[in-house]
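> What follows is model05.txt, made up of compact mmCIF, C-alpha atoms:
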# COMPACT_ATOMS: atom_id res chain seq x y z
CA MET A 63 94.17 21.68 -42.99
CA SER A 64 92.70 24.61 -44.92
CA THR A 65 88.94 25.02 -45.38
CA TRP A 66 89.27 24.25 -49.09
CA GLN A 67 91.19 21.01 -48.41
CA GLN A 68 88.67 20.04 -45.76
CA TRP A 69 85.87 20.75 -48.25
CA LEU A 70 87.50 18.45 -50.82
CA GLN A 71 88.16 15.63 -48.37
CA HIS A 72 85.29 15.80 -45.87
CA PRO A 73 82.62 18.33 -46.90
CA GLU A 74 80.23 17.13 -44.18
CA ARG A 75 82.48 18.81 -41.60
CA VAL A 76 82.46 22.30 -43.17
CA TRP A 77 80.01 24.83 -41.75
CA VAL A 78 79.34 26.31 -45.21
CA ARG A 79 77.72 23.04 -46.26
CA LYS A 80 75.26 23.33 -43.37
CA CYS A 81 74.39 26.87 -44.49
CA PHE A 82 73.83 25.63 -48.04
CA PHE A 83 71.63 22.87 -46.66
CA TYR A 84 69.29 25.34 -44.93
CA ILE A 85 69.22 27.64 -47.97
CA HIS A 86 68.37 24.61 -50.10
CA LEU A 87 65.66 23.49 -47.68
CA TRP A 88 63.81 26.82 -47.47
CA VAL A 89 64.24 27.85 -51.09
CA GLY A 90 63.07 24.38 -52.13
CA ALA A 91 59.89 24.69 -50.09
CA GLY A 92 58.83 27.80 -52.01
CA VAL A 93 60.23 26.84 -55.39
CA GLY A 94 58.23 23.61 -55.46
CA LEU A 95 54.96 25.51 -55.85
CA TYR A 96 56.51 27.81 -58.45
CA ILE A 97 57.72 24.84 -60.52
CA VAL A 98 54.29 23.18 -60.40
CA LEU A 99 52.59 26.41 -61.50
CA MET A 100 55.03 27.03 -64.36
CA SER A 101 54.86 23.39 -65.48
CA ILE A 102 51.07 23.25 -65.62
CA THR A 103 50.61 26.62 -67.32
CA GLY A 104 53.49 25.93 -69.72
CA SER A 105 51.97 22.61 -70.69
CA MET A 106 48.66 24.32 -71.41
CA ILE A 107 50.39 26.96 -73.54
CA VAL A 108 51.87 24.20 -75.71
CA TYR A 109 48.30 23.37 -76.76
CA ARG A 110 47.28 27.02 -77.04
CA ASN A 111 46.36 26.87 -80.74
CA GLU A 112 44.16 23.82 -80.27
CA LEU A 113 42.45 25.30 -77.19
CA GLU A 114 41.76 28.61 -78.95
CA ARG A 115 39.80 26.80 -81.68
CA VAL A 116 36.97 26.63 -79.14
CA PRO A 117 35.65 30.23 -78.99
CA SER A 118 34.68 30.01 -75.31
CA LEU A 119 38.28 29.11 -74.36
CA VAL A 120 40.04 32.08 -76.01
CA SER A 121 39.77 34.32 -72.94
CA PRO A 122 40.81 31.64 -70.41
CA VAL A 123 43.82 30.72 -72.57
CA GLU A 124 44.98 34.35 -72.64
CA TRP A 125 44.57 34.43 -68.84
CA ILE A 126 46.77 31.32 -68.57
CA VAL A 127 49.41 32.91 -70.80
CA ASP A 128 49.41 36.03 -68.60
CA LEU A 129 49.66 33.84 -65.49
CA HIS A 130 52.62 31.96 -66.96
CA GLU A 131 54.50 35.02 -68.20
CA ASN A 132 53.60 37.74 -65.67
CA LEU A 133 51.91 35.94 -62.77
CA LEU A 134 48.90 38.22 -63.45
CA PHE A 135 50.82 41.27 -62.14
CA GLY A 136 52.13 42.84 -65.34
CA ARG A 137 55.68 44.18 -65.15
CA ASN A 138 55.99 43.44 -61.42
CA GLY A 139 54.91 39.86 -62.10
CA ARG A 140 57.64 39.52 -64.70
CA LEU A 141 60.17 40.61 -62.02
CA VAL A 142 58.78 38.07 -59.55
CA ASN A 143 58.92 35.43 -62.29
CA GLY A 144 62.61 36.27 -62.79
CA ILE A 145 63.23 35.91 -59.07
CA GLY A 146 61.50 32.53 -59.23
CA ALA A 147 63.81 31.46 -62.06
CA ILE A 148 66.87 32.61 -60.11
CA SER A 149 65.57 30.66 -57.10
CA VAL A 150 65.41 27.49 -59.22
CA ILE A 151 69.03 28.04 -60.24
CA LEU A 152 69.99 28.65 -56.58
CA LEU A 153 68.23 25.42 -55.65
CA CYS A 154 70.26 23.49 -58.25
CA LEU A 155 73.56 25.01 -57.14
CA THR A 156 72.97 24.47 -53.41
CA GLY A 157 71.84 20.91 -54.18
CA ALA A 158 75.12 20.26 -55.99
CA VAL A 159 77.08 21.62 -53.00
CA ILE A 160 75.13 19.46 -50.57
CA TRP A 161 75.49 16.40 -52.81
CA TRP A 162 79.33 16.63 -53.12
CA PRO A 163 80.57 13.53 -51.28
CA GLY A 164 84.24 14.56 -51.02
CA ILE A 165 87.24 13.06 -52.77
CA SER A 166 87.82 10.46 -50.10
CA ASN A 167 84.25 9.16 -50.50
CA CYS A 168 84.03 8.99 -54.30
CA GLY A 169 87.16 7.09 -55.26
CA ALA A 170 87.40 3.57 -56.61
CA PRO A 171 87.50 0.74 -54.05
What do you get writing this file as structure tokens?


Amino acid sequence: MSTWQQWLQHPERVWVRKCFFYIHLWVGAGVGLYIVLMSITGSMIVYRNELERVPSLVSPVEWIVDLHENLLFGRNGRLVNGIGAISVILLCLTGAVIWWPGISNCGAP
């Protein structure tokens, strides 16, 4: 049986799935913090106009925008932010590979 056929029928037996599992595990550990940071700062940016009506909050709001867009590191932060986004995509793809139950396990009874 070829590796592809084995993957379709019984993916739990293929070594590539185990590799994807460990990639998913370790990328997920780091990406969790990134997602929380982007979610909180993004939510605050949604209310940016309302927050900036208070003069004492103008500077902190700009700091939050810089944190969200550049991670406070300018151009290098933008690169790291892109790597974070790619890591989220990698997490989704490896999760889909790990989730695949195989043809023999997803058919009708």

> For CA of Ser149 in chain A and CA of Trp161 in chain A, quote the distance in Å rounded to one decimal.

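Computed distance, CA of Ser149 in chain A to CA of Trp161 in chain A, equals 17.9 Å.
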
> I want to know what sits within 8 Å of range 150-153 of chain A, based on all atoms listed in the file, with residues of the same chain fewer than 6 positions away left out; could you give that as a PyMOL selection string?

chain A and resi 86+89-90+93

> Give me a file of those residues, with C-alpha atoms, as a short mmCIF file (atom, residue, chain, number, x, y, z; two decimals), in the frame of the given file.


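The new file selection_1.cif reads:
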data_model
loop_
_atom_site.label_atom_id
_atom_site.label_comp_id
_atom_site.auth_asym_id
_atom_site.auth_seq_id
_atom_site.Cartn_x
_atom_site.Cartn_y
_atom_site.Cartn_z
CA HIS A 86 68.37 24.61 -50.10
CA VAL A 89 64.24 27.85 -51.09
CA GLY A 90 63.07 24.38 -52.13
CA VAL A 93 60.23 26.84 -55.39
#

> I'd like the contact shell of range 127-140 of chain A - 7 Å cut-off, only C-alpha atoms, skipping same-chain residues fewer than 4 positions apart - returned as a short mmCIF file (atom, residue, chain, number, x, y, z; two decimals) with C-alpha atoms, keeping the file's coordinate frame.


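The new file selection33.cif reads:
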data_model
loop_
_atom_site.label_atom_id
_atom_site.label_comp_id
_atom_site.auth_asym_id
_atom_site.auth_seq_id
_atom_site.Cartn_x
_atom_site.Cartn_y
_atom_site.Cartn_z
CA MET A 100 55.03 27.03 -64.36
CA THR A 103 50.61 26.62 -67.32
CA GLY A 104 53.49 25.93 -69.72
CA ILE A 107 50.39 26.96 -73.54
CA VAL A 123 43.82 30.72 -72.57
CA GLY A 144 62.61 36.27 -62.79
#

> Please measure the separation of CA of Leu87 in chain A and CA of Gly157 in chain A, giving the value in Å to one decimal.

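Pair CA of Leu87 in chain A / CA of Gly157 in chain A returns 9.3 Å.
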
> Do a neighbour search on Tyr96 in chain A at 9 Å with only C-alpha atoms, toss out local chain neighbours closer than 2 positions, and write the hits as number ranges by chain.

A: 92-94, 98-101, 143, 146-147, 150

> Could the residues in this selection be saved with C-alpha atoms as an mmCIF file, keeping the file's coordinate frame?


data_model
loop_
_atom_site.group_PDB
_atom_site.id
_atom_site.type_symbol
_atom_site.label_atom_id
_atom_site.label_comp_id
_atom_site.auth_asym_id
_atom_site.auth_seq_id
_atom_site.Cartn_x
_atom_site.Cartn_y
_atom_site.Cartn_z
ATOM 1 C CA GLY A 92 58.830 27.800 -52.010
ATOM 2 C CA VAL A 93 60.230 26.840 -55.390
ATOM 3 C CA GLY A 94 58.230 23.610 -55.460
ATOM 4 C CA VAL A 98 54.290 23.180 -60.400
ATOM 5 C CA LEU A 99 52.590 26.410 -61.500
ATOM 6 C CA MET A 100 55.030 27.030 -64.360
ATOM 7 C CA SER A 101 54.860 23.390 -65.480
ATOM 8 C CA ASN A 143 58.920 35.430 -62.290
ATOM 9 C CA GLY A 146 61.500 32.530 -59.230
ATOM 10 C CA ALA A 147 63.810 31.460 -62.060
ATOM 11 C CA VAL A 150 65.410 27.490 -59.220
#

> Determine, counting only C-alpha atoms, which protein, DNA and RNA residues have an atom within 12 Å of an atom of Thr65 in chain A; residues of the same chain fewer than 5 positions away are not included. Present the result as a compact mmCIF listing (two decimals) with C-alpha atoms, in the coordinates of the input.


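Contents of part_6.txt, freshly written:
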# COMPACT_ATOMS: atom_id res chain seq x y z
CA LEU A 70 87.50 18.45 -50.82
CA GLN A 71 88.16 15.63 -48.37
CA HIS A 72 85.29 15.80 -45.87
CA PRO A 73 82.62 18.33 -46.90
CA GLU A 74 80.23 17.13 -44.18
CA ARG A 75 82.48 18.81 -41.60
CA VAL A 76 82.46 22.30 -43.17
CA TRP A 77 80.01 24.83 -41.75
CA VAL A 78 79.34 26.31 -45.21
CA ARG A 79 77.72 23.04 -46.26

> Of the candidates A:Val159, A:Cys154, A:Ile102, A:Leu141, which shows the shortest atom-to-atom distance to Lys80 in chain A, using all atoms listed in the file?

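The shortest atom-to-atom distance to Lys80 in chain A comes from A:Val159.
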
> Quick check, in Å to one decimal: how far apart do CA of Met106 in chain A and CA of Ser121 in chain A lie?

13.5 Å

> Using all atoms listed in the file, which of the listed residues (A:Trp162, A:Glu124, A:Ser118, A:Thr156) sits closest to Trp88 in chain A?

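For Trp88 in chain A, the nearest of the given residues is A:Thr156.
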